[in-house]
Amino acid sequence: MSLPSPLYTVAALALLCAGATAQSAKAAFARDPKQPIDPFYTDKIRRYTTDPSFLSPLVATLPASKTVPTPEKVLGDVAGAPDMLPYAEDVHRYFRMLAESTPRVRVFPIGHSEEGREMIAVAIADESLLKEAEENKQRLAQLADPRSLRTSDGGMDDAKAQALIDSTYPVYYITGSIHSTETGAPTALMELAYRLAVDDSPYIKYIRSHMIVLITPVVEVDGRDRMVDIYKWHKAHPGEQWPKLAYWGHYVAHDNNRDAMAMTLNLSNNVLGAYLDWHAQVLHDLHESVPYLYDNTVGDGPYNAWIDPTLVDEWQELGWNNVAQMQSFGMPGVFTHGDFDTWSPGYLMFLAAMHNGISRLYETFGNGGADTEKRILQPEEYSRTWYRQNPPLPVVMWSQRDNNNYEETALLSTLSYFAQNSHHFLENFYAKSKRSVQKPNNEGPAAYVLPWDSAETNRQLQLLEVLQRQHVELSRLTEAVSTTLPPAKAGQKPTAVKLPAGSFVVRLDQPYSRVADALLDRQYWAPDDPQKHPYDDTGWSFSELFHVKSLRIADTGILSAKMSRMEDISGLAGHLSGSGTVVAIANTGQISLLPLLYKLKDAQVTIAEKPFDAEGKHYGAGSLLITGVSEPELTADMKALALDGTRLAATPTVAAHTAPRPRIAFMHSWQSTQTEGWWRYAFDHAGIPYQYISTQTAAAQPDLRSKYDVIIFAPIGHATPEDVLNGTPLYGNALPWQKTTLTPNLGGLDTTADTRPGLGYEGLQHLRKFVSQGGLLITCEDTAEFAIETGLAPGVAVAPRKDARVVGSVLNTVFVAPDHAVAWGFAGAQLPVMSADGLAFNISNTLGRAGNRILMDPYAQRPTGRGSLDDSDVVQGQKPSVPEVLPKQQPWEARALDEDQTRNNPLVIPALFRPEVILRFSDAKTMLLSGLLDKAEPIAERAIVVDAHLGAGNVLLFANNPIYRGETVGSYPLVFNAIMNFQYLQRESPAGNPVAAANRWLPNGSAMDAK
Ligand SMILES: [Zn+2]
């Protein structure tokens, strides 16, 4: 059954195969002439294919079976038929029918979505293979974790591995429809499964007898059902525009394919669970956005820096081979080199790359539904290039069946290639797994260590949970150990460091060392990299973004330190010590202080406004003092939230205010719900209650303040202020998002009869009144720009970025106002933040345009004239006079105004209402932590978190996204602090009544309660 040849021979054969396939495609993929075909189904395939060149011999006919149902049984028509999309449940029903009718198919539930819909994996192979699937898994498990093959001298027993390889079948895992608007994969995979189970063509028989094909036909099951609803609505309303898919999954849309790092979504965890349970060699994800088939297996550079080089060879081998095969069938528009770089490990398929497998992704051509449509391509899509000599046609009539033909043909031919070379790929799998275990002694490092630090435990646990979701093994030092850190710069000496007992160790002599290394390390994207269009974020360093100290240790001695494996991390925090009636919880930037307030509904909780010391321990400002709660209740909550506390004999003497349980509203725009979805995820996950409203709700509610204390207007995603106000143009018909009998899966999260109207000027006025009356409005990125442009944030402007370049990078920041409530718990430390594009703010003491620099002075220091920089000019014929000294102003500061500039100037903002800068970027030299930063000067040291004052309330503006893709846990407390202290964000007013002064900012005619 196998080719016991050395790797290089197999690789050489593989390259030859590509050429050989081209000449003998017909023979290689010939059908069994003795097997009857299904004439009706076959006829429909031909009818629904819009051009003969979009069909291949592999899918032109469908073999008939007396016992196994074709997809028609569930669909009522053939796979890829026009005008019809099946729900996830119908797709699953078909696979279960297959499993009932043939021993070559088995269905396994792999978990549920956030909304409770089931996900499945379907295994297809000869009955004999499936019968011993468990034994095969055990063998693969040994190849996946070669520590089980360790010899007494510390090496690996390669001979034993070879014997395992000789008796083992690989597993090829295909996933469909993660992106809900990309609708073709489920039907293509239904038919593919039928063919794999029924077809007696020699090449299919070979696949069936040499490997297990695993299929998850619908990854995003929640989004699929909503998309089918939308499509049904469209078919029921001919001639009308149809609603956009406002929600895909429960939390995010397209970003569900950016979750493979933080692993926050059920679909990521379910797919990784299935992938690792089967110890699959490939994870092949199906997408639809490029004509006609972009196999981005080869993609473009820069490739991820933490993968095994063998994987790169496998990408080249599989990608180019697949293109050659498709070419041999005469199918136009297939290519594998393209603009997708493989730098970020955030894509679902990349779970395989980070776990010693092979990641692959197809982009085929989808119509976003099942309509057959005329498609007009752009020059960059139809042009002939060196890697696409047979490009797609400029104009084409395109059907879902065409799409299914491409998906199935490419998959069948690549499965055939994989089956023919199964031995080779298993050998690679073992080699990659082995090298992952040997990482400390090869390229290193040996381990990452998070030093034990009770102030960081709460966030450390968040990071350790991510690593556990990645199936990374964790350990803990049982005694202190000394080791060395590599020199910071070449030529310097290593630094000795002592790690306390209890420190967390991520050993890299384990099978999944690569994903730990990729997540915890720093990234560097050269500004002059030939790739000018990074596909996604360039930096993600989790140690930085979770704001925990993480040491990259190259010294392999650390691996012999005394440590124990840590399976359960739940009991590491949540302790209550001391005795007394007052419980103090120090604020050290935990993410669960705000959730605790909501859990302790009836307790008296106060928040210290200044630091204090009590019973030998120091407490920073923002620490909690709790009384009036039963100990069992408190300890249970503290354990659940990983918070440590100390009982004190008496309430410490410190300025404190009662902690509110603010009434929070999440306000979303109907234009896009994805980026705010990540915020919702964080709030739900933490257990912070909120009401979910839209900008339309705000437009309809004149008295928002009576309902809410805090309104969160999380980022929409590149929305302009005009988009926020006007929404979608009202030219055409209404676009509803409602649960009806026709669309049972819409509604749910939020509902509207027409998604088009935006906030409007009424809504803007309501928001303005809400803030003026003491509410807190939290804004970020585009919604912060909206607040600035619409006058909700007096004195704040967007800093011109000029030629500064940032693409999803981790940048360093400095607290400007460490005593501000938003900064509590950070102890004035520097804070790494995620910056999408280098957005930053300028601050001014006056209102105005042009970057709020209405008092522009062309001279930063002194005008041209006599003398030197430190001299004054002397005007001839005039007695020398002394000019006012120009006050020195930092980039994050507002320019000081002199007497002349403030006289009779209605644009001057009263001191009480001037914006406060809380956080700024560090200087240009120290700003980059991870990713790409080029020409940093224009944004260096500029403000990025600003508290703007409007009436009696506040508008908090974030230029960074503090709650992003589950990756930025370190900056969550900035948002949570603001909410916890929303009533205490006013500037100190030594004289005068802030409310009276605030009335100046009220909308005309609306009065305000003095409270
Ligand atoms: Zn996609």
# chains A, B, ... in the order shown; residues from 1 in each chain; ligands from 1

call {"tool": "closest_atom_pairs", "arguments": {"of": "chain A", "to": "ligand 1", "cutoff": "6 Å", "atoms": "only C-alpha atoms and all ligand atoms", "output": "JSON lines"}}
result
{"residue": "A:His179", "atom": "CA", "partner": "ligand 1", "partner_atom_place_in_ligand_line": "1 (Zn)", "distance": 4.9}
{"residue": "A:His287", "atom": "CA", "partner": "ligand 1", "partner_atom_place_in_ligand_line": "1 (Zn)", "distance": 4.2}
{"residue": "A:Glu288", "atom": "CA", "partner": "ligand 1", "partner_atom_place_in_ligand_line": "1 (Zn)", "distance": 5.6}

call {"tool": "write_last_selection", "arguments": {"atoms": "C-alpha atoms", "output": "PDB file, in the first residue's frame"}}
result
ATOM      1  CA  HIS A 179     -18.091  32.828   5.415  1.00  0.00           C
ATOM      2  CA  HIS A 287     -14.044  30.351   0.356  1.00  0.00           C
ATOM      3  CA  GLU A 288     -15.615  32.200  -2.572  1.00  0.00           C
TER       4      GLU A 288
END

call {"tool": "residues_around", "arguments": {"residues": "A:Gly357", "least_positions_apart": "4", "cutoff": "6 Å", "atoms": "only C-alpha atoms", "output": "ChimeraX atom specification"}}
result
/A:281-282,352-353

call {"tool": "residues_around", "arguments": {"residues": "stretch 320-331 of chain A", "least_positions_apart": "3", "cutoff": "7 Å", "atoms": "only C-alpha atoms", "output": "list in words"}}
result
Ala18, Thr21, Ala22, Ala25, Ser53, Phe54, Ser56, Gln316, Glu317, Val334, Phe335, Thr336, Ala410, Ser413 and Thr414 of chain A

call {"tool": "write_last_selection", "arguments": {"atoms": "N, CA and C atoms", "output": "compact mmCIF listing (two decimals), in the first residue's frame"}}
result
# COMPACT_ATOMS: atom_id res chain seq x y z
N ALA A 18 3.12 16.08 -11.67
CA ALA A 18 2.38 17.24 -12.17
C ALA A 18 2.38 17.24 -13.70
N THR A 21 0.48 14.14 -15.10
CA THR A 21 -0.97 14.30 -15.01
C THR A 21 -1.50 15.05 -16.23
N ALA A 22 -0.74 16.05 -16.61
CA ALA A 22 -1.19 16.87 -17.72
C ALA A 22 -1.41 16.03 -18.97
N ALA A 25 -4.44 13.05 -18.07
CA ALA A 25 -5.54 13.40 -17.18
C ALA A 25 -6.74 12.50 -17.44
N SER A 53 -16.42 24.55 -20.77
CA SER A 53 -15.08 24.61 -20.17
C SER A 53 -15.14 24.71 -18.65
N PHE A 54 -16.34 24.95 -18.12
CA PHE A 54 -16.47 25.01 -16.66
C PHE A 54 -16.82 23.63 -16.07
N SER A 56 -15.56 19.42 -15.82
CA SER A 56 -14.42 18.50 -15.99
C SER A 56 -14.94 17.08 -16.04
N GLN A 316 3.99 24.48 -1.86
CA GLN A 316 4.40 24.61 -3.26
C GLN A 316 3.97 23.36 -4.04
N GLU A 317 4.23 22.24 -3.45
CA GLU A 317 3.96 20.96 -4.12
C GLU A 317 2.47 20.82 -4.43
N VAL A 334 -7.55 29.38 -13.20
CA VAL A 334 -7.08 28.72 -11.97
C VAL A 334 -5.64 29.14 -11.72
N PHE A 335 -5.34 29.56 -10.51
CA PHE A 335 -3.97 29.99 -10.19
C PHE A 335 -3.71 29.82 -8.70
N THR A 336 -2.46 29.84 -8.33
CA THR A 336 -2.13 29.60 -6.92
C THR A 336 -1.23 30.67 -6.31
N ALA A 410 -11.40 20.51 -8.27
CA ALA A 410 -10.11 20.81 -7.66
C ALA A 410 -9.89 19.92 -6.43
N SER A 413 -9.24 16.21 -7.52
CA SER A 413 -7.92 15.98 -8.12
C SER A 413 -6.83 16.12 -7.06
N THR A 414 -7.01 17.02 -6.12
CA THR A 414 -5.96 17.17 -5.10
C THR A 414 -6.03 16.01 -4.09

call {"tool": "closest_residue", "arguments": {"among": "A:Ala911, A:Leu463, A:Leu192, A:Val107", "to": "A:Pro63", "atoms": "only C-alpha atoms"}}
result
A:Leu192

call {"tool": "closest_residue", "arguments": {"among": "A:Arg147, A:Lys493, A:Lys66, A:His250", "to": "A:Arg117", "atoms": "only C-alpha atoms"}}
result
A:His250

call {"tool": "select_by_dssp", "arguments": {"residues": "stretch 872-993 of chain A", "states": "helix (DSSP H, G or I)", "output": "VMD selection string"}}
result
chain A and resid 899 to 902 911 to 913 969 to 980 982 to 984

call {"tool": "residues_around", "arguments": {"residues": "A:Leu311", "least_positions_apart": "3", "cutoff": "9 Å", "atoms": "only C-alpha atoms", "output": "list in words"}}
result
Ile307, Asp308, Glu314, Trp315, Gln316, Ala353, Asn356, Gly357, Ile358, Ser359, Asn428 and Lys432 of chain A

call {"tool": "write_last_selection", "arguments": {"atoms": "all heavy atoms", "output": "mmCIF file, in the first residue's frame"}}
result
data_model
loop_
_atom_site.group_PDB
_atom_site.id
_atom_site.type_symbol
_atom_site.label_atom_id
_atom_site.label_comp_id
_atom_site.auth_asym_id
_atom_site.auth_seq_id
_atom_site.Cartn_x
_atom_site.Cartn_y
_atom_site.Cartn_z
ATOM 1 N N ILE A 307 6.660 28.775 11.099
ATOM 2 C CA ILE A 307 6.269 27.457 10.573
ATOM 3 C C ILE A 307 7.504 26.648 10.193
ATOM 4 O O ILE A 307 8.576 27.196 9.945
ATOM 5 C CB ILE A 307 5.353 27.601 9.342
ATOM 6 C CG1 ILE A 307 5.985 28.536 8.309
ATOM 7 C CG2 ILE A 307 3.969 28.062 9.748
ATOM 8 C CD1 ILE A 307 5.267 28.585 6.997
ATOM 9 N N ASP A 308 7.318 25.339 10.103
ATOM 10 C CA ASP A 308 8.388 24.444 9.671
ATOM 11 C C ASP A 308 8.577 24.627 8.154
ATOM 12 O O ASP A 308 7.596 24.673 7.412
ATOM 13 C CB ASP A 308 7.975 23.004 9.985
ATOM 14 C CG ASP A 308 9.122 22.036 9.815
ATOM 15 O OD1 ASP A 308 9.674 21.931 8.697
ATOM 16 O OD2 ASP A 308 9.471 21.371 10.807
ATOM 17 N N GLU A 314 5.491 21.751 1.107
ATOM 18 C CA GLU A 314 4.195 21.083 0.863
ATOM 19 C C GLU A 314 3.224 22.029 0.181
ATOM 20 O O GLU A 314 2.459 21.633 -0.714
ATOM 21 C CB GLU A 314 3.618 20.576 2.190
ATOM 22 C CG GLU A 314 4.427 19.431 2.767
ATOM 23 C CD GLU A 314 3.971 19.009 4.170
ATOM 24 O OE1 GLU A 314 3.602 19.890 4.978
ATOM 25 O OE2 GLU A 314 4.010 17.813 4.470
ATOM 26 N N TRP A 315 3.230 23.292 0.598
ATOM 27 C CA TRP A 315 2.369 24.280 -0.066
ATOM 28 C C TRP A 315 2.695 24.360 -1.557
ATOM 29 O O TRP A 315 1.805 24.348 -2.401
ATOM 30 C CB TRP A 315 2.575 25.669 0.568
ATOM 31 C CG TRP A 315 1.889 25.876 1.878
ATOM 32 C CD1 TRP A 315 0.840 25.171 2.384
ATOM 33 C CD2 TRP A 315 2.202 26.883 2.856
ATOM 34 N NE1 TRP A 315 0.483 25.674 3.612
ATOM 35 C CE2 TRP A 315 1.297 26.716 3.937
ATOM 36 C CE3 TRP A 315 3.143 27.905 2.934
ATOM 37 C CZ2 TRP A 315 1.309 27.541 5.065
ATOM 38 C CZ3 TRP A 315 3.160 28.718 4.060
ATOM 39 C CH2 TRP A 315 2.250 28.533 5.114
ATOM 40 N N GLN A 316 3.994 24.485 -1.856
ATOM 41 C CA GLN A 316 4.403 24.610 -3.262
ATOM 42 C C GLN A 316 3.974 23.364 -4.038
ATOM 43 O O GLN A 316 3.442 23.449 -5.137
ATOM 44 C CB GLN A 316 5.920 24.785 -3.392
ATOM 45 C CG GLN A 316 6.542 25.860 -2.518
ATOM 46 C CD GLN A 316 6.037 27.258 -2.808
ATOM 47 O OE1 GLN A 316 5.725 27.574 -3.951
ATOM 48 N NE2 GLN A 316 5.935 28.091 -1.797
ATOM 49 N N ALA A 353 -1.429 24.762 10.091
ATOM 50 C CA ALA A 353 -0.034 25.189 9.950
ATOM 51 C C ALA A 353 0.643 25.304 11.307
ATOM 52 O O ALA A 353 1.825 25.016 11.457
ATOM 53 C CB ALA A 353 0.027 26.525 9.215
ATOM 54 N N ASN A 356 1.389 21.443 13.080
ATOM 55 C CA ASN A 356 2.176 20.453 12.332
ATOM 56 C C ASN A 356 1.468 19.841 11.125
ATOM 57 O O ASN A 356 1.878 18.797 10.625
ATOM 58 C CB ASN A 356 2.656 19.328 13.269
ATOM 59 C CG ASN A 356 3.499 19.897 14.402
ATOM 60 O OD1 ASN A 356 4.243 20.840 14.197
ATOM 61 N ND2 ASN A 356 3.368 19.332 15.590
ATOM 62 N N GLY A 357 0.405 20.461 10.667
ATOM 63 C CA GLY A 357 -0.287 19.958 9.486
ATOM 64 C C GLY A 357 -0.029 20.854 8.284
ATOM 65 O O GLY A 357 0.975 21.568 8.225
ATOM 66 N N ILE A 358 -0.959 20.806 7.330
ATOM 67 C CA ILE A 358 -0.863 21.612 6.108
ATOM 68 C C ILE A 358 -2.135 22.451 6.017
ATOM 69 O O ILE A 358 -3.242 21.916 6.063
ATOM 70 C CB ILE A 358 -0.770 20.710 4.858
ATOM 71 C CG1 ILE A 358 0.430 19.768 4.954
ATOM 72 C CG2 ILE A 358 -0.709 21.551 3.595
ATOM 73 C CD1 ILE A 358 0.439 18.682 3.884
ATOM 74 N N SER A 359 -1.982 23.769 5.901
ATOM 75 C CA SER A 359 -3.142 24.641 5.746
ATOM 76 C C SER A 359 -3.343 24.928 4.271
ATOM 77 O O SER A 359 -2.382 25.149 3.531
ATOM 78 C CB SER A 359 -2.911 25.946 6.506
ATOM 79 O OG SER A 359 -1.714 26.547 6.065
ATOM 80 N N ASN A 428 6.278 13.475 6.250
ATOM 81 C CA ASN A 428 6.432 14.899 6.572
ATOM 82 C C ASN A 428 5.759 15.245 7.895
ATOM 83 O O ASN A 428 6.283 16.022 8.691
ATOM 84 C CB ASN A 428 5.801 15.762 5.474
ATOM 85 C CG ASN A 428 6.666 15.841 4.240
ATOM 86 O OD1 ASN A 428 7.736 15.227 4.178
ATOM 87 N ND2 ASN A 428 6.201 16.571 3.246
ATOM 88 N N LYS A 432 7.687 16.949 10.914
ATOM 89 C CA LYS A 432 7.321 18.265 11.454
ATOM 90 C C LYS A 432 7.004 18.164 12.943
ATOM 91 O O LYS A 432 7.408 19.015 13.738
ATOM 92 C CB LYS A 432 6.112 18.832 10.689
ATOM 93 C CG LYS A 432 6.447 19.268 9.266
ATOM 94 C CD LYS A 432 5.255 19.917 8.563
ATOM 95 C CE LYS A 432 4.173 18.915 8.259
ATOM 96 N NZ LYS A 432 3.051 19.497 7.506
#

call {"tool": "residues_around", "arguments": {"residues": "stretch 134-140 of chain A", "least_positions_apart": "4", "cutoff": "12 Å", "atoms": "only C-alpha atoms", "output": "MDAnalysis selection string"}}
result
chainID A and resid 128:130 144:146 148:149 160:171 210:212 274:281 357 426:427 429:430 433

call {"tool": "closest_residue", "arguments": {"among": "A:Leu648, A:Leu576, A:Leu600, A:Val252", "to": "A:Gly677", "atoms": "only C-alpha atoms"}}
result
A:Val252

call {"tool": "closest_residue", "arguments": {"among": "A:Arg401, A:His234, A:Lys26, A:Arg507", "to": "A:Gln438", "atoms": "only C-alpha atoms"}}
result
A:Arg507

call {"tool": "closest_residue", "arguments": {"among": "A:Leu62, A:Ala554, A:Leu415, A:Ala823", "to": "A:Pro494", "atoms": "only C-alpha atoms"}}
result
A:Ala554

call {"tool": "closest_atom_pairs", "arguments": {"of": "stretch 905-982 of chain A", "to": "stretch 532-549 of chain A", "cutoff": "10 Å", "atoms": "only C-alpha atoms", "output": "Markdown table"}}
result
| residue | atom | partner | partner_atom | distance |
| --- | --- | --- | --- | --- |
| A:Leu928 | CA | A:Gly539 | CA | 9.7 |
| A:Leu929 | CA | A:Glu544 | CA | 7.9 |
| A:Ser930 | CA | A:Gly539 | CA | 4.6 |
| A:Gly931 | CA | A:Gly539 | CA | 3.7 |
| A:Leu932 | CA | A:Thr538 | CA | 5.9 |
| A:Leu933 | CA | A:Thr538 | CA | 9.4 |
| A:Pro962 | CA | A:Leu545 | CA | 9.5 |
| A:Tyr964 | CA | A:Leu545 | CA | 10.0 |
| A:Gly966 | CA | A:Phe546 | CA | 9.7 |
| A:Glu967 | CA | A:Leu545 | CA | 6.4 |
| A:Thr968 | CA | A:Leu545 | CA | 4.8 |
| A:Val969 | CA | A:Phe546 | CA | 4.8 |
| A:Gly970 | CA | A:Phe546 | CA | 4.1 |
| A:Ser971 | CA | A:Leu545 | CA | 7.4 |
| A:Tyr972 | CA | A:Phe546 | CA | 9.2 |

call {"tool": "select_by_dssp", "arguments": {"residues": "stretch 407-656 of chain A", "states": "strand (DSSP E)", "output": "PyMOL selection string"}}
result
chain A and resi 447-450+474-477+481-485+495-499+504-507+551-553+563-566+576-578+582-585+604-608+612-614+617-619+624-627+645-648+656

call {"tool": "residues_around", "arguments": {"residues": "A:Tyr203", "least_positions_apart": "2", "cutoff": "12 Å", "atoms": "only C-alpha atoms", "output": "list in words"}}
result
Ala25, Lys26, Ala27, Ala28, Phe29, Ala30, Arg31, Asp32, Leu58, Arg195, Leu196, Asp199, Asp200, Ser201, Lys205, Tyr206, Ile207, Arg208, Ser209, His210, Leu412, Ser413, Thr414, Leu415, Ser416, Tyr417, Phe418, Ala419 and Gln420 of chain A

call {"tool": "closest_residue", "arguments": {"among": "A:Pro757, A:Pro883, A:Pro71, A:Pro243", "to": "A:Asp90", "atoms": "only C-alpha atoms"}}
result
A:Pro71

call {"tool": "residues_around", "arguments": {"residues": "stretch 561-564 of chain A", "least_positions_apart": "4", "cutoff": "9 Å", "atoms": "only C-alpha atoms", "output": "list in words"}}
result
Leu474, Ser475, Arg476, Leu477, Thr478, Glu479, Ala480, Val481, Ser482, Ala501, Gly502, Val505 and Gly557 of chain A

call {"tool": "write_last_selection", "arguments": {"atoms": "C-alpha atoms", "output": "PDB file, in the first residue's frame"}}
result
ATOM      1  CA  LEU A 474       1.389  24.291  30.470  1.00  0.00           C
ATOM      2  CA  SER A 475       3.632  23.745  33.465  1.00  0.00           C
ATOM      3  CA  ARG A 476       4.385  25.506  36.719  1.00  0.00           C
ATOM      4  CA  LEU A 477       7.685  25.825  38.568  1.00  0.00           C
ATOM      5  CA  THR A 478       7.553  24.006  41.889  1.00  0.00           C
ATOM      6  CA  GLU A 479      10.640  25.831  43.107  1.00  0.00           C
ATOM      7  CA  ALA A 480      12.524  28.986  42.214  1.00  0.00           C
ATOM      8  CA  VAL A 481      15.061  28.645  39.413  1.00  0.00           C
ATOM      9  CA  SER A 482      17.899  30.736  38.024  1.00  0.00           C
ATOM     10  CA  ALA A 501       8.245  29.241  42.311  1.00  0.00           C
ATOM     11  CA  GLY A 502       4.759  29.241  40.850  1.00  0.00           C
ATOM     12  CA  VAL A 505       6.258  27.690  31.969  1.00  0.00           C
ATOM     13  CA  GLY A 557      18.534  24.369  31.316  1.00  0.00           C
TER      14      GLY A 557
END

call {"tool": "atom_distance", "arguments": {"atom1": "atom CA of A:Trp824", "atom2": "atom CA of A:Ile716"}}
result
27.5 Å

call {"tool": "atom_distance", "arguments": {"atom1": "atom CA of A:Glu118", "atom2": "atom CA of A:Asn266"}}
result
10.7 Å
